[in-house]
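Q: Structure supplied as start_3.cif; contents: mmCIF, C-alpha atoms.
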```cif
data_work
loop_
_atom_site.label_atom_id
_atom_site.label_comp_id
_atom_site.auth_asym_id
_atom_site.auth_seq_id
_atom_site.Cartn_x
_atom_site.Cartn_y
_atom_site.Cartn_z
CA MET M 1 0.00 0.00 0.00
CA ARG M 2 2.78 2.41 0.95
CA THR M 3 4.61 1.61 -2.28
CA ALA M 4 1.46 2.31 -4.30
CA LEU M 5 0.98 5.69 -2.59
CA LEU M 6 4.58 6.66 -3.26
CA ALA M 7 4.19 5.71 -6.90
CA LEU M 8 0.99 7.76 -7.15
CA ALA M 9 2.69 10.78 -5.57
CA LEU M 10 5.55 10.49 -8.04
CA ILE M 11 3.14 10.34 -10.99
CA LEU M 12 1.23 13.39 -9.73
CA GLY M 13 4.46 15.25 -9.15
CA LEU M 14 5.52 14.67 -12.72
CA ALA M 15 2.11 15.48 -14.16
CA LEU M 16 1.53 18.80 -12.39
CA PRO M 17 3.68 21.89 -13.01
CA SER M 18 5.42 23.34 -9.97
CA VAL M 19 4.34 26.64 -8.42
CA ALA M 20 7.74 28.08 -9.32
CA ALA M 21 7.23 27.21 -12.97
CA ASP M 22 3.88 29.01 -13.02
CA ASN M 23 5.00 31.99 -10.97
CA GLN M 24 8.57 32.82 -11.89
CA LYS M 25 9.80 36.22 -10.72
CA ILE M 26 11.57 38.85 -12.82
CA VAL M 27 12.99 41.84 -10.91
CA VAL M 28 13.39 44.98 -13.01
CA GLY M 29 14.86 48.32 -11.94
CA VAL M 30 13.31 51.47 -13.45
CA THR M 31 13.25 55.22 -13.08
CA PRO M 32 9.73 56.53 -12.40
CA PHE M 33 8.43 58.05 -15.65
CA PRO M 34 7.79 56.72 -18.21
CA HIS M 35 9.71 53.52 -17.49
CA LYS M 36 7.61 52.41 -14.53
CA ASP M 37 4.41 53.22 -16.42
CA ILE M 38 5.48 51.07 -19.36
CA MET M 39 6.54 48.22 -17.07
CA LEU M 40 3.12 48.24 -15.39
CA ILE M 41 1.59 47.45 -18.79
CA ALA M 42 4.17 44.69 -19.35
CA LYS M 43 3.50 43.31 -15.86
CA LYS M 44 -0.07 42.38 -16.77
CA LEU M 45 1.07 40.63 -19.94
CA LEU M 46 3.80 38.71 -18.12
CA ALA M 47 1.32 37.49 -15.52
CA LYS M 48 -0.56 35.70 -18.29
CA GLU M 49 2.68 33.88 -19.14
CA GLY M 50 3.25 32.75 -15.55
CA TYR M 51 5.77 35.43 -14.56
CA THR M 52 5.60 37.79 -11.60
CA LEU M 53 7.23 41.13 -12.42
CA GLU M 54 8.68 42.99 -9.43
CA ILE M 55 9.42 46.64 -10.18
CA LYS M 56 12.06 48.52 -8.18
CA GLU M 57 12.28 52.29 -8.55
CA PHE M 58 15.51 54.28 -8.69
CA THR M 59 15.95 58.05 -8.80
CA ASP M 60 19.44 58.21 -10.29
CA TYR M 61 21.27 56.87 -13.34
CA VAL M 62 24.09 54.96 -11.61
CA GLN M 63 22.56 52.57 -9.09
CA PRO M 64 20.32 50.63 -11.52
CA ASN M 65 23.36 49.36 -13.43
CA LEU M 66 25.32 48.58 -10.28
CA ALA M 67 22.32 46.71 -8.87
CA LEU M 68 21.97 44.75 -12.11
CA ALA M 69 25.65 43.83 -12.15
CA GLY M 70 25.37 42.86 -8.46
CA LYS M 71 22.48 40.49 -9.29
CA SER M 72 19.83 42.19 -7.15
CA LEU M 73 18.03 42.91 -10.44
CA ASP M 74 17.36 40.68 -13.43
CA ALA M 75 17.08 43.63 -15.80
CA ASN M 76 16.78 47.40 -15.82
CA PHE M 77 14.99 49.91 -17.98
CA PHE M 78 16.03 53.54 -17.76
CA GLN M 79 18.93 54.27 -20.13
CA HIS M 80 19.94 54.63 -23.75
CA VAL M 81 22.67 52.66 -25.51
CA PRO M 82 25.49 55.28 -25.40
CA TYR M 83 25.00 55.65 -21.64
CA LEU M 84 25.11 51.87 -21.15
CA ASP M 85 28.24 51.58 -23.28
CA ASN M 86 29.97 54.26 -21.24
CA MET M 87 28.94 52.69 -17.91
CA ASN M 88 30.24 49.31 -19.05
CA LYS M 89 33.58 50.92 -19.83
CA GLU M 90 33.76 53.22 -16.82
CA LYS M 91 32.59 50.73 -14.17
CA GLN M 92 33.93 47.59 -15.91
CA LEU M 93 30.48 46.02 -16.07
CA ASN M 94 29.33 43.24 -18.37
CA LEU M 95 25.84 44.39 -19.28
CA ALA M 96 24.05 44.12 -22.61
CA TRP M 97 20.91 45.67 -24.06
CA VAL M 98 18.25 43.33 -25.46
CA ALA M 99 15.45 45.58 -26.74
CA LYS M 100 14.78 49.18 -27.75
CA ILE M 101 11.50 50.46 -26.32
CA HIS M 102 11.11 54.22 -26.70
CA ILE M 103 12.89 57.51 -27.33
CA GLU M 104 12.80 60.43 -24.89
CA PRO M 105 14.02 63.56 -26.67
CA LEU M 106 16.11 66.02 -24.68
CA GLY M 107 14.74 69.54 -24.55
CA LEU M 108 15.74 73.01 -23.37
CA TYR M 109 13.32 74.44 -20.80
CA SER M 110 13.02 77.77 -19.01
CA ARG M 111 10.81 79.60 -16.54
CA THR M 112 11.91 83.03 -17.80
CA ILE M 113 12.31 82.92 -21.59
CA LYS M 114 10.22 81.46 -24.40
CA LYS M 115 12.56 81.75 -27.40
CA LEU M 116 16.29 81.36 -28.02
CA ASP M 117 16.68 84.94 -29.14
CA GLU M 118 15.69 86.04 -25.63
CA LEU M 119 18.95 84.61 -24.26
CA LYS M 120 21.27 87.40 -23.10
CA ASP M 121 25.04 87.51 -22.96
CA GLY M 122 26.29 85.76 -19.83
CA ASP M 123 23.07 83.86 -19.12
CA THR M 124 23.41 80.52 -17.31
CA LEU M 125 22.33 77.20 -18.82
CA ALA M 126 22.34 73.88 -16.97
CA VAL M 127 23.05 70.49 -18.55
CA PRO M 128 23.18 66.89 -17.22
CA ASN M 129 26.56 65.96 -15.77
CA ASP M 130 26.70 62.28 -16.76
CA PRO M 131 29.01 61.85 -19.77
CA THR M 132 26.61 60.73 -22.47
CA ASN M 133 23.72 63.05 -21.60
CA GLU M 134 26.06 66.01 -21.18
CA ALA M 135 27.49 65.38 -24.65
CA ARG M 136 23.98 64.95 -26.00
CA ALA M 137 22.84 68.22 -24.39
CA LEU M 138 25.83 70.16 -25.66
CA ARG M 139 25.28 68.84 -29.19
CA LEU M 140 21.68 70.06 -28.98
CA LEU M 141 22.98 73.54 -28.09
CA GLU M 142 25.49 73.32 -30.93
CA VAL M 143 22.86 72.31 -33.51
CA ASN M 144 20.96 75.43 -32.48
CA LYS M 145 24.07 77.60 -32.95
CA LEU M 146 24.51 78.60 -29.31
CA ILE M 147 28.00 77.07 -29.05
CA SER M 148 30.55 75.17 -31.14
CA LEU M 149 32.31 72.00 -30.01
CA LYS M 150 35.32 69.88 -30.85
CA PRO M 151 34.62 66.62 -32.73
CA GLY M 152 34.11 63.54 -30.55
CA GLU M 153 31.51 61.52 -28.72
CA LEU M 154 31.77 62.37 -25.01
CA VAL M 155 32.34 66.10 -25.26
CA THR M 156 32.11 68.30 -22.16
CA VAL M 157 32.07 72.03 -21.49
CA ARG M 158 35.86 71.93 -21.82
CA ASP M 159 35.41 71.03 -25.48
CA ILE M 160 33.52 74.22 -26.32
CA THR M 161 35.43 76.08 -29.03
CA ALA M 162 33.06 79.01 -29.53
CA ASN M 163 30.53 80.63 -27.20
CA PRO M 164 29.37 83.90 -28.81
CA LYS M 165 26.99 84.83 -25.98
CA LYS M 166 29.51 83.85 -23.31
CA LEU M 167 26.91 81.55 -21.79
CA LYS M 168 27.75 80.03 -18.40
CA ILE M 169 27.08 76.30 -18.49
CA ARG M 170 26.56 74.40 -15.24
CA GLU M 171 26.90 70.61 -15.11
CA LEU M 172 24.38 69.12 -12.67
CA GLU M 173 22.84 65.74 -11.87
CA ALA M 174 20.06 65.02 -14.36
CA ALA M 175 17.37 64.51 -11.71
CA GLN M 176 18.09 67.93 -10.18
CA LEU M 177 17.70 69.92 -13.39
CA PRO M 178 13.96 70.72 -13.14
CA ARG M 179 14.53 72.19 -9.66
CA THR M 180 17.30 74.46 -10.97
CA LEU M 181 15.01 76.30 -13.38
CA GLN M 182 14.40 78.94 -10.71
CA ASP M 183 18.16 79.58 -10.51
CA VAL M 184 19.27 79.40 -14.17
CA THR M 185 18.01 80.93 -17.38
CA ALA M 186 17.34 77.53 -18.96
CA ALA M 187 18.25 73.85 -18.60
CA VAL M 188 18.54 70.89 -20.96
CA ILE M 189 16.40 68.20 -19.31
CA ASN M 190 15.66 64.56 -20.04
CA THR M 191 12.00 63.97 -20.89
CA ASN M 192 11.37 61.68 -17.91
CA PHE M 193 12.56 64.29 -15.40
CA ALA M 194 10.82 67.10 -17.29
CA ALA M 195 7.53 65.18 -17.04
CA GLU M 196 7.92 64.87 -13.26
CA ALA M 197 8.03 68.68 -13.16
CA ASN M 198 4.88 68.89 -15.32
CA LEU M 199 6.86 70.07 -18.33
CA VAL M 200 5.52 68.74 -21.64
CA PRO M 201 8.15 68.62 -24.43
CA SER M 202 5.71 69.40 -27.24
CA ARG M 203 4.37 72.38 -25.28
CA ASP M 204 7.18 73.68 -23.10
CA ALA M 205 10.52 72.89 -24.75
CA ILE M 206 12.20 75.86 -26.42
CA ILE M 207 14.28 73.48 -28.53
CA ILE M 208 14.11 69.69 -28.69
CA GLU M 209 15.89 66.73 -30.28
CA GLY M 210 14.40 65.33 -33.45
CA LYS M 211 12.56 62.00 -33.62
CA ASP M 212 15.57 60.47 -35.39
CA SER M 213 17.57 60.60 -32.16
CA PRO M 214 19.83 57.53 -31.73
CA TYR M 215 19.21 57.55 -27.98
CA ALA M 216 16.52 54.89 -27.69
CA ASN M 217 15.82 53.69 -24.15
CA VAL M 218 16.57 49.98 -23.80
CA ILE M 219 16.11 46.99 -21.54
CA ALA M 220 19.51 45.97 -20.17
CA VAL M 221 20.54 42.65 -18.62
CA ARG M 222 23.72 40.87 -17.58
CA ALA M 223 25.41 39.38 -20.62
CA ASP M 224 24.84 35.83 -19.36
CA MET M 225 21.07 36.46 -19.19
CA VAL M 226 20.63 37.29 -22.88
CA ASN M 227 18.17 34.91 -24.58
CA THR M 228 17.05 33.24 -21.35
CA PRO M 229 13.32 32.37 -21.24
CA ALA M 230 12.51 35.01 -18.61
CA ILE M 231 14.29 37.82 -20.48
CA ASN M 232 12.74 36.76 -23.78
CA ALA M 233 9.33 36.92 -22.11
CA LEU M 234 10.14 40.39 -20.74
CA VAL M 235 11.20 41.64 -24.17
CA LYS M 236 8.09 40.19 -25.80
CA ALA M 237 5.86 41.96 -23.25
CA CYS M 238 7.67 45.30 -23.54
CA GLN M 239 7.57 45.23 -27.35
CA SER M 240 3.95 44.09 -27.46
CA PRO M 241 1.15 45.80 -29.39
CA GLU M 242 -0.34 46.74 -26.01
CA VAL M 243 2.77 48.65 -24.94
CA LYS M 244 3.11 50.32 -28.33
CA ALA M 245 -0.53 51.43 -28.20
CA TYR M 246 0.02 52.82 -24.68
CA ILE M 247 3.07 54.82 -25.79
CA GLU M 248 1.28 56.20 -28.83
CA LYS M 249 -1.85 57.14 -26.89
CA GLU M 250 -0.49 58.33 -23.53
CA LEU M 251 3.15 59.30 -24.13
CA LEU M 252 3.35 60.59 -27.69
CA PRO M 253 1.64 63.87 -26.69
CA LYS M 254 4.48 64.32 -24.18
CA GLY M 255 7.14 63.87 -26.84
CA ILE M 256 7.92 60.20 -26.18
CA VAL M 257 7.87 57.93 -29.24
CA PRO M 258 8.03 54.13 -29.60
CA ALA M 259 11.33 52.69 -30.86
CA PHE M 260 9.97 49.34 -32.11
#
```
Turn this file's structure into C-alpha cells for me.

A:
Amino acid sequence: MRTALLALALILGLALPSVAADNQKIVVGVTPFPHKDIMLIAKKLLAKEGYTLEIKEFTDYVQPNLALAGKSLDANFFQHVPYLDNMNKEKQLNLAWVAKIHIEPLGLYSRTIKKLDELKDGDTLAVPNDPTNEARALRLLEVNKLISLKPGELVTVRDITANPKKLKIRELEAAQLPRTLQDVTAAVINTNFAAEANLVPSRDAIIIEGKDSPYANVIAVRADMVNTPAINALVKACQSPEVKAYIEKELLPKGIVPAF
C-alpha cells in the first residue's frame, strides 16, 4: 500500500507543473516616468505567461546598473545605448541591451524665456553631468548655434570652441535639473525628469531633439542572461502591441515615441 501511494505521488508530481514554474519572478529596476508606467503594462502581460514582475524604482542613473551587475536585479529599464556603453567601460560592467523600447528627446526648458533669441550675454544654462547626456545636451545647443564643439563623442564644457553669448554652463545631476530652473536661465532636461516637473516637451521645450535621435531607451541585462526564457518573455511583453498602443496614446503627446 505504501509503495502504491509513493508511486501515485511520483506520478502526480511529474504530471503537475510546480508553483515556481507558473510563478517565476523577474525583478526589473526602473526610473519613475515613463519607465515604470510602461513596465506596469508589461506586468499584466507577463502574468498571463506565468511570470511575476517585481518593479524597483531608482531616482538616479548609476545605481540601476550597479544593482543589475550585483544580481539584485534581473534587468533594468532607464537608459539609452550610449550611456550603457559608457557605464560598461567606466565601471567595468558586463551588461548588454536586449530591446529598444522608446525615445525620450532632450529639450531646453526655461521659466523666464520662451525663445532662443531672448537669451542674453552671460546667461546661465544647466546640462546633465553624466558623460553621455552632457554630450547629447551640448550637441543640442550646438545644432541650435549657441555654441561650437570639438569633434568627438563624449564632449564636455571643456570642449567648447566658440561661445558667442559667453553663456555660463553648469553641469548638474540630471534629476536635479527641473529644480534648478528657478536659478538658471534655462536647462537641458531629459524627458522623464521634465515630465515629473509637469513640463511637456511638445508644449514647453524651447528646442528639442528630433525624432531620429539615436538615444533609444533599452532593456539591459547581464550578458549571461541574454536569450534566457525570462528575459525573452520580458522583451516580448515590452515590445507588445499593447505597450506600443500605450506609448502612442499616452506618451506621444508628451514627446515620447516608440522605438519598435

Q: Quick check on the file I pasted: which residues fall under the PyMOL selection byres ((chain M and resi 143-157) around 10)? Write them as a PyMOL selection string.

A: chain M and resi 82+86+116+119+127+129-142+158-171+207-209

Q: Got a sec: who's within 8 Å of M:Tyr109, counting all atoms listed in the file, leaving out chain neighbours fewer than 5 positions off, as an NGL selection string?

A: :M and (181 or 186-189 or 204-207)

Q: Give me the residues within 9 Å of M:Leu46 as a ChimeraX atom specification, counting only C-alpha atoms and dropping any in the same chain fewer than 3 places off.

A: /M:42-43,49-53,233-234,236-237

Q: For the residues in the current selection, export C-alpha atoms as an mmCIF file, in the frame of the given file.

A:
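New file part_25.cif:
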```
data_model
loop_
_atom_site.group_PDB
_atom_site.id
_atom_site.type_symbol
_atom_site.label_atom_id
_atom_site.label_comp_id
_atom_site.auth_asym_id
_atom_site.auth_seq_id
_atom_site.Cartn_x
_atom_site.Cartn_y
_atom_site.Cartn_z
ATOM 1 C CA ALA M 42 4.170 44.690 -19.350
ATOM 2 C CA LYS M 43 3.500 43.310 -15.860
ATOM 3 C CA GLU M 49 2.680 33.880 -19.140
ATOM 4 C CA GLY M 50 3.250 32.750 -15.550
ATOM 5 C CA TYR M 51 5.770 35.430 -14.560
ATOM 6 C CA THR M 52 5.600 37.790 -11.600
ATOM 7 C CA LEU M 53 7.230 41.130 -12.420
ATOM 8 C CA ALA M 233 9.330 36.920 -22.110
ATOM 9 C CA LEU M 234 10.140 40.390 -20.740
ATOM 10 C CA LYS M 236 8.090 40.190 -25.800
ATOM 11 C CA ALA M 237 5.860 41.960 -23.250
#
```

Q: Return the single residue from M:Pro229, M:His80, M:Asn198, M:Tyr246 that is closest to M:Glu104, with distances computed using all atoms listed in the file.

A: M:His80

Q: Out of M:His35, M:Lys25, M:Lys44, M:Lys115, which residue has the shortest atom-to-atom distance to M:Gln79 when counting only C-alpha atoms?

A: M:His35

Q: Using only C-alpha atoms for the distances, tell me which of M:Ala220, M:Ser72, M:Pro201, M:Asp117 is nearest to M:Asp85.

A: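 That would be M:Ala220, the residue with the smallest distance to M:Asp85.
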
Q: Could you list, as a PyMOL selection string, every residue matched by the PyMOL selection byres ((chain M and resi 60-67) around 8) in this structure?

A: chain M and resi 29-31+58-59+68-73+76+78-79+87+174-175

Q: Can you list, as a CSV table (one decimal) with C-alpha atoms, in the frame of the given file, the residues that the PyMOL selection byres ((chain M and resi 260) around 9) selects here?

A:
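Okay, expr_29.csv is ready:
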```csv
chain,number,residue,atom,x,y,z
M,99,ALA,CA,15.4,45.6,-26.7
M,100,LYS,CA,14.8,49.2,-27.8
M,101,ILE,CA,11.5,50.5,-26.3
M,102,HIS,CA,11.1,54.2,-26.7
M,239,GLN,CA,7.6,45.2,-27.4
M,244,LYS,CA,3.1,50.3,-28.3
M,258,PRO,CA,8.0,54.1,-29.6
M,259,ALA,CA,11.3,52.7,-30.9
```

Q: Find, counting all atoms listed in the file, the residue in M:Pro214, M:Pro241, M:Gly122, M:Pro128 that gets nearest to M:Leu45.

A: M:Pro241

Q: Report, in Å to a single decimal, how far apart atom CA of M:Ile38 and atom CA of M:Glu242 are.

A: 9.8 Å

Q: What does the distance between atom CA of M:Ser240 and atom CA of M:Ala194 come to in Å, to one decimal place?

A: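 So the answer is 26.1 Å.
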
Q: With all atoms listed in the file as the atoms that count, which of M:Ala195, M:Leu84, M:Ile26, M:Ile113 lies nearest to M:Leu125?

A: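 So, comparing all the options, the nearest one is M:Ile113.
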
Q: How far is it from atom CA of M:Gln182 to atom CA of M:Arg203, in Å with one decimal?

A: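 Separation between atom CA of M:Gln182 and atom CA of M:Arg203: 18.9 Å.
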
Q: Calculated over only C-alpha atoms, which of the candidates M:Arg111, M:Arg222, M:Lys56, M:Lys48 has the smallest distance to M:Asn88?

A: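 Using only C-alpha atoms, M:Asn88 sits closest to M:Arg222.
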